[in-house]
$ cat final18.pdb   # PDB, C-alpha atoms
ATOM      1  CA  PRO A 973     -95.087 -59.641 -28.811
ATOM      2  CA  ARG A 974     -93.291 -62.891 -29.432
ATOM      3  CA  GLY A 975     -93.558 -65.549 -26.784
ATOM      4  CA  THR A 976     -94.815 -63.406 -23.922
ATOM      5  CA  GLY A 977     -97.494 -65.913 -22.925
ATOM      6  CA  PRO A 978     -96.708 -68.564 -20.300
ATOM      7  CA  LEU A 979     -98.024 -71.424 -22.449
ATOM      8  CA  GLY A 980     -95.278 -71.188 -25.034
ATOM      9  CA  PHE A 981     -94.841 -71.013 -28.801
ATOM     10  CA  LEU A 982     -93.146 -73.200 -31.415
ATOM     11  CA  GLU A 983     -89.854 -72.608 -33.205
ATOM     12  CA  ASN A 984     -88.538 -74.695 -36.105
ATOM     13  CA  GLN A 985     -85.126 -74.599 -37.780
ATOM     14  CA  GLY A 986     -83.234 -76.694 -40.292
ATOM     15  CA  ASP A 987     -80.765 -79.112 -38.673
ATOM     16  CA  CYS A 988     -77.754 -80.406 -40.613
ATOM     17  CA  GLY A 989     -76.143 -81.760 -37.463
ATOM     18  CA  ASP A 990     -75.819 -85.256 -36.038
ATOM     19  CA  ALA A 991     -76.908 -87.199 -32.953
ATOM     20  CA  TYR A 992     -74.387 -85.318 -30.805
ATOM     21  CA  ASN A 993     -74.763 -81.691 -31.879
ATOM     22  CA  PHE A 994     -77.289 -79.430 -33.575
ATOM     23  CA  ALA A 995     -75.990 -77.469 -36.568
ATOM     24  CA  PRO A 996     -78.231 -74.783 -38.110
ATOM     25  CA  THR A 997     -78.907 -74.431 -41.805
ATOM     26  CA  ASP A 998     -78.326 -71.074 -43.510
ATOM     27  CA  ASP A 999     -81.968 -69.974 -43.233
ATOM     28  CA  LEU A1000     -83.598 -68.258 -40.270
ATOM     29  CA  PRO A1001     -85.801 -70.191 -37.824
ATOM     30  CA  TYR A1002     -89.560 -70.286 -38.337
ATOM     31  CA  VAL A1003     -91.400 -68.919 -35.305
ATOM     32  CA  PHE A1004     -95.033 -69.995 -34.937
ATOM     33  CA  ASP A1005     -96.578 -67.727 -32.320
ATOM     34  CA  GLN A1006     -99.442 -66.100 -34.217
ATOM     35  CA  LEU A1007    -101.034 -69.146 -35.836
ATOM     36  CA  LEU A1008    -104.759 -69.711 -35.941
ATOM     37  CA  PRO A1009    -105.498 -73.261 -34.783
ATOM     38  CA  THR A1010    -107.048 -75.715 -37.214
ATOM     39  CA  PHE A1011    -109.118 -77.055 -34.310
ATOM     40  CA  ALA A1012    -109.707 -75.960 -30.721
ATOM     41  CA  THR A1013    -112.036 -77.124 -27.985
ATOM     42  CA  ALA A1014    -112.490 -76.591 -24.239
ATOM     43  CA  LEU A1015    -114.042 -78.866 -21.635
ATOM     44  CA  GLU A1016    -114.639 -78.182 -17.953
ATOM     45  CA  THR A1017    -113.599 -81.047 -15.656
ATOM     46  CA  ALA A1018    -113.375 -81.564 -11.897
ATOM     47  CA  GLN A1019    -109.667 -80.677 -12.003
ATOM     48  CA  GLY A1020    -109.968 -77.620 -14.240
ATOM     49  CA  ASN A1021    -110.570 -76.488 -17.803
ATOM     50  CA  LEU A1022    -109.185 -78.855 -20.446
ATOM     51  CA  VAL A1023    -108.145 -77.077 -23.648
ATOM     52  CA  VAL A1024    -107.140 -78.932 -26.831
ATOM     53  CA  VAL A1025    -105.569 -77.006 -29.713
ATOM     54  CA  GLU A1026    -104.498 -78.575 -33.005
ATOM     55  CA  GLN A1027    -102.184 -76.907 -35.515
ATOM     56  CA  ARG A1028    -100.856 -78.084 -38.860
ATOM     57  CA  LEU A1029     -97.555 -76.560 -39.984
ATOM     58  CA  LEU A1030     -95.925 -76.748 -43.400
ATOM     59  CA  LEU A1031     -92.146 -77.064 -43.245
ATOM     60  CA  PRO A1032     -89.395 -77.620 -45.818
ATOM     61  CA  GLU A1033     -89.389 -81.321 -46.590
ATOM     62  CA  SER A1034     -85.640 -81.912 -46.050
ATOM     63  CA  LEU A1035     -82.177 -80.532 -46.681
ATOM     64  CA  TYR A1036     -80.889 -80.061 -50.191
ATOM     65  CA  PRO A1037     -78.924 -83.327 -50.540
ATOM     66  CA  LEU A1038     -75.964 -81.826 -52.396
ATOM     67  CA  ASP A1039     -74.923 -79.032 -50.034
ATOM     68  CA  ARG A1040     -76.625 -79.964 -46.692
ATOM     69  CA  GLU A1041     -76.613 -76.254 -45.809
ATOM     70  CA  SER A1042     -80.086 -75.159 -46.900
ATOM     71  CA  ARG A1043     -83.626 -76.538 -46.892
ATOM     72  CA  SER A1044     -85.620 -77.672 -49.915
ATOM     73  CA  GLU A1045     -88.508 -75.750 -51.426
ATOM     74  CA  GLU A1046     -90.774 -78.813 -51.266
ATOM     75  CA  LEU A1047     -92.999 -78.855 -48.192
ATOM     76  CA  ALA A1048     -94.056 -81.501 -45.698
ATOM     77  CA  ALA A1049     -96.638 -81.377 -42.922
ATOM     78  CA  LEU A1050     -96.067 -81.378 -39.191
ATOM     79  CA  SER A1051     -99.195 -81.671 -37.052
ATOM     80  CA  CYS A1052     -99.247 -80.677 -33.378
ATOM     81  CA  GLU A1053    -101.867 -81.276 -30.715
ATOM     82  CA  PHE A1054    -101.552 -79.236 -27.513
ATOM     83  CA  THR A1055    -103.569 -80.348 -24.495
ATOM     84  CA  TYR A1056    -103.583 -77.881 -21.591
ATOM     85  CA  THR A1057    -105.291 -78.291 -18.235
ATOM     86  CA  LEU A1058    -105.955 -74.962 -16.515
ATOM     87  CA  MET A1059    -106.187 -76.271 -12.959
ATOM     88  CA  HIS A1060    -108.538 -74.939 -10.290
ATOM     89  CA  HIS A1061    -106.907 -73.289  -7.251
ATOM     90  CA  THR A1062    -103.305 -73.784  -8.432
ATOM     91  CA  ALA A1063    -100.842 -72.221 -10.853
ATOM     92  CA  LEU A1064     -99.881 -75.652 -12.225
ATOM     93  CA  VAL A1065    -100.603 -75.991 -15.983
ATOM     94  CA  PRO A1066    -100.081 -79.551 -17.299
ATOM     95  CA  LEU A1067     -99.234 -79.467 -21.013
ATOM     96  CA  HIS A1068     -99.087 -82.473 -23.330
ATOM     97  CA  LEU A1069     -97.750 -81.990 -26.863
ATOM     98  CA  ARG A1070     -98.278 -84.689 -29.500
ATOM     99  CA  VAL A1071     -96.450 -84.330 -32.828
ATOM    100  CA  ASP A1072     -96.961 -86.138 -36.140
ATOM    101  CA  ASN A1073     -93.816 -85.341 -38.123
ATOM    102  CA  LEU A1074     -93.416 -85.850 -41.897
ATOM    103  CA  ALA A1075     -90.459 -83.464 -42.397
ATOM    104  CA  LYS A1076     -86.752 -84.345 -42.241
ATOM    105  CA  ASP A1077     -83.600 -82.575 -41.089
ATOM    106  CA  HIS A1078     -85.017 -80.108 -38.590
ATOM    107  CA  ARG A1079     -85.323 -79.203 -34.933
ATOM    108  CA  LEU A1080     -88.631 -78.365 -33.265
ATOM    109  CA  ARG A1081     -88.644 -76.510 -29.946
ATOM    110  CA  ILE A1082     -91.189 -74.945 -27.637
ATOM    111  CA  GLY A1083     -90.252 -71.536 -26.267
ATOM    112  CA  PHE A1084     -91.247 -69.692 -23.105
ATOM    113  CA  ARG A1085     -90.700 -66.026 -22.357
ATOM    114  CA  PRO A1086     -92.905 -65.235 -19.349
ATOM    115  CA  PHE A1087     -90.708 -62.457 -17.890
ATOM    116  CA  ALA A1088     -87.186 -61.016 -17.972
ATOM    117  CA  ILE A1089     -85.031 -63.937 -16.835
ATOM    118  CA  LYS A1090     -82.232 -63.399 -14.312
ATOM    119  CA  ARG A1091     -81.321 -66.992 -13.376
ATOM    120  CA  VAL A1092     -81.833 -70.477 -14.830
ATOM    121  CA  ILE A1093     -81.363 -73.484 -12.556
ATOM    122  CA  ALA A1094     -81.715 -77.045 -13.862
ATOM    123  CA  ARG A1095     -81.765 -80.485 -12.260
ATOM    124  CA  THR A1096     -78.758 -82.601 -13.231
ATOM    125  CA  ILE A1097     -78.687 -86.360 -13.776
ATOM    126  CA  ASP A1098     -77.659 -86.998 -10.153
ATOM    127  CA  GLY A1099     -80.578 -84.916  -8.883
ATOM    128  CA  SER A1100     -78.618 -81.862  -7.794
ATOM    129  CA  PRO A1101     -79.412 -78.351  -9.107
ATOM    130  CA  ILE A1102     -76.967 -76.428 -11.300
ATOM    131  CA  GLU A1103     -76.980 -72.787 -12.377
ATOM    132  CA  ARG A1104     -75.261 -72.054 -15.670
ATOM    133  CA  PRO A1105     -74.177 -68.680 -17.107
ATOM    134  CA  LEU A1106     -76.998 -66.929 -18.942
ATOM    135  CA  HIS A1107     -74.955 -65.988 -21.978
ATOM    136  CA  LYS A1108     -72.831 -68.033 -24.353
ATOM    137  CA  PRO A1109     -69.074 -67.504 -23.851
ATOM    138  CA  ALA A1110     -67.351 -65.792 -26.773
ATOM    139  CA  GLU A1111     -65.043 -68.766 -27.380
ATOM    140  CA  TRP A1112     -67.936 -71.285 -27.388
ATOM    141  CA  ARG A1113     -68.342 -72.763 -30.871
ATOM    142  CA  CYS A1114     -71.197 -75.183 -30.190
ATOM    143  CA  THR A1115     -74.778 -74.070 -29.728
ATOM    144  CA  TYR A1116     -75.431 -73.122 -26.110
ATOM    145  CA  THR A1117     -77.786 -75.990 -25.264
ATOM    146  CA  HIS A1118     -77.635 -77.878 -21.976
ATOM    147  CA  PRO A1119     -79.026 -81.146 -20.579
ATOM    148  CA  HIS A1120     -81.518 -81.286 -17.744
ATOM    149  CA  SER A1121     -83.004 -84.158 -15.800
ATOM    150  CA  GLY A1122     -86.646 -83.371 -15.276
ATOM    151  CA  TRP A1123     -87.058 -79.727 -14.310
ATOM    152  CA  ILE A1124     -85.858 -76.173 -14.997
ATOM    153  CA  LEU A1125     -86.454 -73.211 -12.705
ATOM    154  CA  LEU A1126     -86.577 -69.654 -14.064
ATOM    155  CA  GLU A1127     -86.144 -66.622 -11.828
ATOM    156  CA  GLY A1128     -87.068 -63.144 -13.062
ATOM    157  CA  THR A1129     -85.528 -59.761 -12.446
ATOM    158  CA  ASN A1130     -88.554 -58.846 -10.283
ATOM    159  CA  LYS A1131     -88.358 -62.116  -8.301
ATOM    160  CA  GLU A1132     -90.922 -63.922 -10.469
ATOM    161  CA  THR A1133     -90.482 -67.694 -10.714
ATOM    162  CA  LEU A1134     -91.581 -70.360 -13.179
ATOM    163  CA  ALA A1135     -90.810 -74.069 -12.840
ATOM    164  CA  ILE A1136     -90.984 -76.248 -15.954
ATOM    165  CA  TYR A1137     -91.160 -80.030 -15.545
ATOM    166  CA  ALA A1138     -90.366 -81.757 -18.832
ATOM    167  CA  LEU A1139     -90.049 -85.258 -20.275
ATOM    168  CA  GLY A1140     -88.843 -86.264 -23.728
ATOM    169  CA  LEU A1141     -85.551 -84.872 -25.066
ATOM    170  CA  ARG A1142     -84.041 -83.350 -21.950
ATOM    171  CA  GLU A1143     -82.337 -80.380 -23.547
ATOM    172  CA  TYR A1144     -82.836 -76.653 -23.044
ATOM    173  CA  GLU A1145     -81.336 -73.355 -24.147
ATOM    174  CA  LEU A1146     -81.665 -69.764 -22.989
ATOM    175  CA  SER A1147     -81.344 -67.619 -26.115
ATOM    176  CA  ALA A1148     -79.773 -64.170 -26.317
ATOM    177  CA  ASP A1149     -83.229 -62.526 -26.329
ATOM    178  CA  GLY A1150     -84.176 -64.188 -23.029
ATOM    179  CA  THR A1151     -86.348 -67.022 -24.379
ATOM    180  CA  LEU A1152     -86.154 -70.432 -22.704
ATOM    181  CA  TYR A1153     -86.390 -73.216 -25.308
ATOM    182  CA  LEU A1154     -87.072 -76.921 -24.744
ATOM    183  CA  THR A1155     -86.182 -79.299 -27.567
ATOM    184  CA  VAL A1156     -89.158 -81.383 -28.724
ATOM    185  CA  ILE A1157     -87.762 -83.093 -31.860
ATOM    186  CA  ARG A1158     -84.384 -83.360 -33.527
ATOM    187  CA  ALA A1159     -84.829 -85.092 -36.899
ATOM    188  CA  ILE A1160     -81.380 -86.114 -38.190
ATOM    189  CA  ASP A1161     -79.867 -89.014 -40.112
ATOM    190  CA  TRP A1162     -76.233 -89.414 -38.977
ATOM    191  CA  ILE A1163     -74.774 -90.602 -35.681
ATOM    192  CA  SER A1164     -71.766 -88.353 -36.263
ATOM    193  CA  ARG A1165     -70.369 -86.129 -39.016
ATOM    194  CA  SER A1166     -67.059 -84.293 -39.272
ATOM    195  CA  ASP A1167     -68.292 -81.272 -41.258
ATOM    196  CA  LEU A1168     -70.465 -79.422 -38.718
ATOM    197  CA  SER A1169     -70.280 -75.668 -38.224
ATOM    198  CA  THR A1170     -70.808 -76.186 -34.486
ATOM    199  CA  ARG A1171     -68.020 -78.712 -33.866
ATOM    200  CA  ARG A1172     -64.450 -79.022 -35.121
ATOM    201  CA  PHE A1173     -64.293 -82.808 -35.478
ATOM    202  CA  GLY A1174     -66.316 -86.002 -35.433
ATOM    203  CA  ALA A1175     -67.743 -87.197 -32.130
ATOM    204  CA  GLY A1176     -68.446 -90.860 -32.924
ATOM    205  CA  PRO A1177     -68.946 -93.324 -35.788
ATOM    206  CA  GLN A1178     -70.013 -91.779 -39.095
ATOM    207  CA  ILE A1179     -72.993 -94.090 -39.635
ATOM    208  CA  TYR A1180     -76.113 -93.224 -41.620
ATOM    209  CA  VAL A1181     -79.261 -93.762 -39.514
ATOM    210  CA  PRO A1182     -82.357 -92.618 -41.458
ATOM    211  CA  GLU A1183     -84.631 -93.945 -38.699
ATOM    212  CA  ALA A1184     -83.474 -90.978 -36.566
ATOM    213  CA  GLN A1185     -85.610 -88.643 -38.704
ATOM    214  CA  MET A1186     -88.413 -89.153 -36.137
ATOM    215  CA  GLN A1187     -91.127 -89.784 -38.722
TER     216      GLN A1187
END
$ encode --input "final18.pdb" --output "structure tokens"
Amino acid sequence: PRGTGPLGFLENQGDCGDAYNFAPTDDLPYVFDQLLPTFATALETAQGNLVVVEQRLLLPESLYPLDRESRSEELAALSCEFTYTLMHHTALVPLHLRVDNLAKDHRLRIGFRPFAIKRVIARTIDGSPIERPLHKPAEWRCTYTHPHSGWILLEGTNKETLAIYALGLREYELSADGTLYLTVIRAIDWISRSDLSTRRFGAGPQIYVPEAQMQ
């Protein structure tokens, strides 16, 4: 079943948002949890077993420029290299993800669904923990993503726990199906826009920034 492993899976979705807010395109997300790797190797070290897995994904190249609501039929490559260290005598699993991105206008996330989640606690920018409601309020128009500052703690219905320490884009979301997502890439090209489905108005200067496509 989708995302039941502790080491995560990838999700990709079109992003017609801006630097402030994600806005989904009209297609469904791509979920990459059953892919055969293009390359995999394992090496035993003094710390544990080092596993390297490479995958090459084909994604829509960009948005359709005229409507900005759907993704093009042309494809572009996105290559991922996962490096896991399965440590001896500890449950710690260091994971390094390297991405070579040639696609535009999309969001790439890694998802975890190790158990039925009862609580999510995240470290805030001042170092204190915060617990947020699991489910998106009915009146909430934006996507239900939240910032974190280094770590997220998951607690299961049977008292299981999983701590995730993360660098990079410090954003997470607990979806309605109980999957914890960490944002890896948001490839966009506007600082702010006033036509998003996830926000009623502009949030900053409407400046075109193609360098934000993360290529």
$ atom_distance --input "final18.pdb" --atom1 "CA of Thr1062 in chain A" --atom2 "CA of Gly1122 in chain A"
20.4 Å
$ resolve_selection --input "final18.pdb" --expression "the PyMOL selection byres ((chain A and resi 1168) around 12)" --output "PyMOL selection string"
chain A and resi 987-997+1040-1041+1113-1115+1162+1164-1167+1169-1175
$ residues_around --input "final18.pdb" --residues "range 1010-1024 of chain A" --least-positions-apart "4" --cutoff "7 Å" --atoms "only C-alpha atoms" --output "PyMOL selection string"
chain A and resi 1028+1053-1060
$ write_last_selection --input "final18.pdb" --atoms "C-alpha atoms" --output "PDB file, in the frame of the given file"
ATOM      1  CA  ARG A1028    -100.856 -78.084 -38.860  1.00  0.00           C
ATOM      2  CA  GLU A1053    -101.867 -81.276 -30.715  1.00  0.00           C
ATOM      3  CA  PHE A1054    -101.552 -79.236 -27.513  1.00  0.00           C
ATOM      4  CA  THR A1055    -103.569 -80.348 -24.495  1.00  0.00           C
ATOM      5  CA  TYR A1056    -103.583 -77.881 -21.591  1.00  0.00           C
ATOM      6  CA  THR A1057    -105.291 -78.291 -18.235  1.00  0.00           C
ATOM      7  CA  LEU A1058    -105.955 -74.962 -16.515  1.00  0.00           C
ATOM      8  CA  MET A1059    -106.187 -76.271 -12.959  1.00  0.00           C
ATOM      9  CA  HIS A1060    -108.538 -74.939 -10.290  1.00  0.00           C
TER      10      HIS A1060
END
$ closest_residue --input "final18.pdb" --among "A:Leu1125, A:Ser1034, A:Asp1077, A:His1068" --to "Gly1140 in chain A" --atoms "only C-alpha atoms"
A:His1068
$ residues_around --input "final18.pdb" --residues "range 1096-1100 of chain A" --least-positions-apart "6" --cutoff "9 Å" --atoms "all atoms listed in the file" --output "ChimeraX atom specification"
/A:1119-1123
$ resolve_selection --input "final18.pdb" --expression "the PyMOL selection byres ((chain A and resi 1046) around 8)" --output "PyMOL selection string"
chain A and resi 1032-1034+1044-1045+1047-1048
$ write_last_selection --input "final18.pdb" --atoms "C-alpha atoms" --output "PDB file, in the coordinates of the input"
ATOM      1  CA  PRO A1032     -89.395 -77.620 -45.818  1.00  0.00           C
ATOM      2  CA  GLU A1033     -89.389 -81.321 -46.590  1.00  0.00           C
ATOM      3  CA  SER A1034     -85.640 -81.912 -46.050  1.00  0.00           C
ATOM      4  CA  SER A1044     -85.620 -77.672 -49.915  1.00  0.00           C
ATOM      5  CA  GLU A1045     -88.508 -75.750 -51.426  1.00  0.00           C
ATOM      6  CA  LEU A1047     -92.999 -78.855 -48.192  1.00  0.00           C
ATOM      7  CA  ALA A1048     -94.056 -81.501 -45.698  1.00  0.00           C
TER       8      ALA A1048
END
$ resolve_selection --input "final18.pdb" --expression "the PyMOL selection byres ((chain A and resi 1105) around 10)" --output "mmCIF file with C-alpha atoms, in the frame of the given file"
data_model
loop_
_atom_site.group_PDB
_atom_site.id
_atom_site.type_symbol
_atom_site.label_atom_id
_atom_site.label_comp_id
_atom_site.auth_asym_id
_atom_site.auth_seq_id
_atom_site.Cartn_x
_atom_site.Cartn_y
_atom_site.Cartn_z
ATOM 1 C CA ARG A 1091 -81.321 -66.992 -13.376
ATOM 2 C CA VAL A 1092 -81.833 -70.477 -14.830
ATOM 3 C CA ILE A 1093 -81.363 -73.484 -12.556
ATOM 4 C CA GLU A 1103 -76.980 -72.787 -12.377
ATOM 5 C CA ARG A 1104 -75.261 -72.054 -15.670
ATOM 6 C CA LEU A 1106 -76.998 -66.929 -18.942
ATOM 7 C CA HIS A 1107 -74.955 -65.988 -21.978
ATOM 8 C CA LYS A 1108 -72.831 -68.033 -24.353
ATOM 9 C CA PRO A 1109 -69.074 -67.504 -23.851
ATOM 10 C CA LEU A 1146 -81.665 -69.764 -22.989
#
$ residues_around --input "final18.pdb" --residues "Ala1135 in chain A" --least-positions-apart "3" --cutoff "12 Å" --atoms "all atoms listed in the file" --output "PyMOL selection string"
chain A and resi 978+1063-1066+1084+1086+1091-1095+1122-1128+1132+1138+1152
$ axis_aligned_box --input "final18.pdb" --around "range 991-1006 of chain A" --padding-each-side "6 Å" --output "JSON"
{"center_x": -86.9, "center_y": -76.6, "center_z": -37.2, "size_x": 37.1, "size_y": 33.1, "size_z": 24.7}
$ closest_residue --input "final18.pdb" --among "A:Leu1038, A:Leu1139, A:Met1186, A:Val1003" --to "Leu1067 in chain A" --atoms "all atoms listed in the file"
A:Leu1139
$ atom_distance --input "final18.pdb" --atom1 "CA of Ile1082 in chain A" --atom2 "CA of Glu1026 in chain A"
14.8 Å
$ residues_around --input "final18.pdb" --residues "Glu1183 in chain A" --least-positions-apart "4" --cutoff "10 Å" --atoms "all atoms listed in the file" --output "JSON, numbers by chain"
{"A": [1159, 1160, 1161, 1162, 1187]}
$ closest_residue --input "final18.pdb" --among "A:Arg1043, A:Phe1087, A:Ile1179, A:Pro1037" --to "Leu1000 in chain A" --atoms "only C-alpha atoms"
A:Arg1043
$ residues_around --input "final18.pdb" --residues "Tyr1153 in chain A" --least-positions-apart "6" --cutoff "9 Å" --atoms "all atoms listed in the file" --output "list in words"
Glu983, Arg1081, Ile1082, Gly1083, Phe1084, Arg1085, Glu1143, Tyr1144, Glu1145, Leu1146 and Ser1147 of chain A
$ closest_residue --input "final18.pdb" --among "A:Leu1134, A:Ile1102, A:Val1156, A:Leu1141" --to "Asn984 in chain A" --atoms "all atoms listed in the file"
A:Val1156
$ atom_distance --input "final18.pdb" --atom1 "CA of Pro1001 in chain A" --atom2 "CA of Gly986 in chain A"
7.4 Å
$ closest_residue --input "final18.pdb" --among "A:Ile1089, A:Cys1052, A:Val1181, A:Ile1136" --to "Ala1148 in chain A" --atoms "all atoms listed in the file"
A:Ile1089
$ closest_residue --input "final18.pdb" --among "A:Leu1154, A:Val1025, A:Ala1110, A:Leu1035" --to "Leu982 in chain A" --atoms "all atoms listed in the file"
A:Leu1154
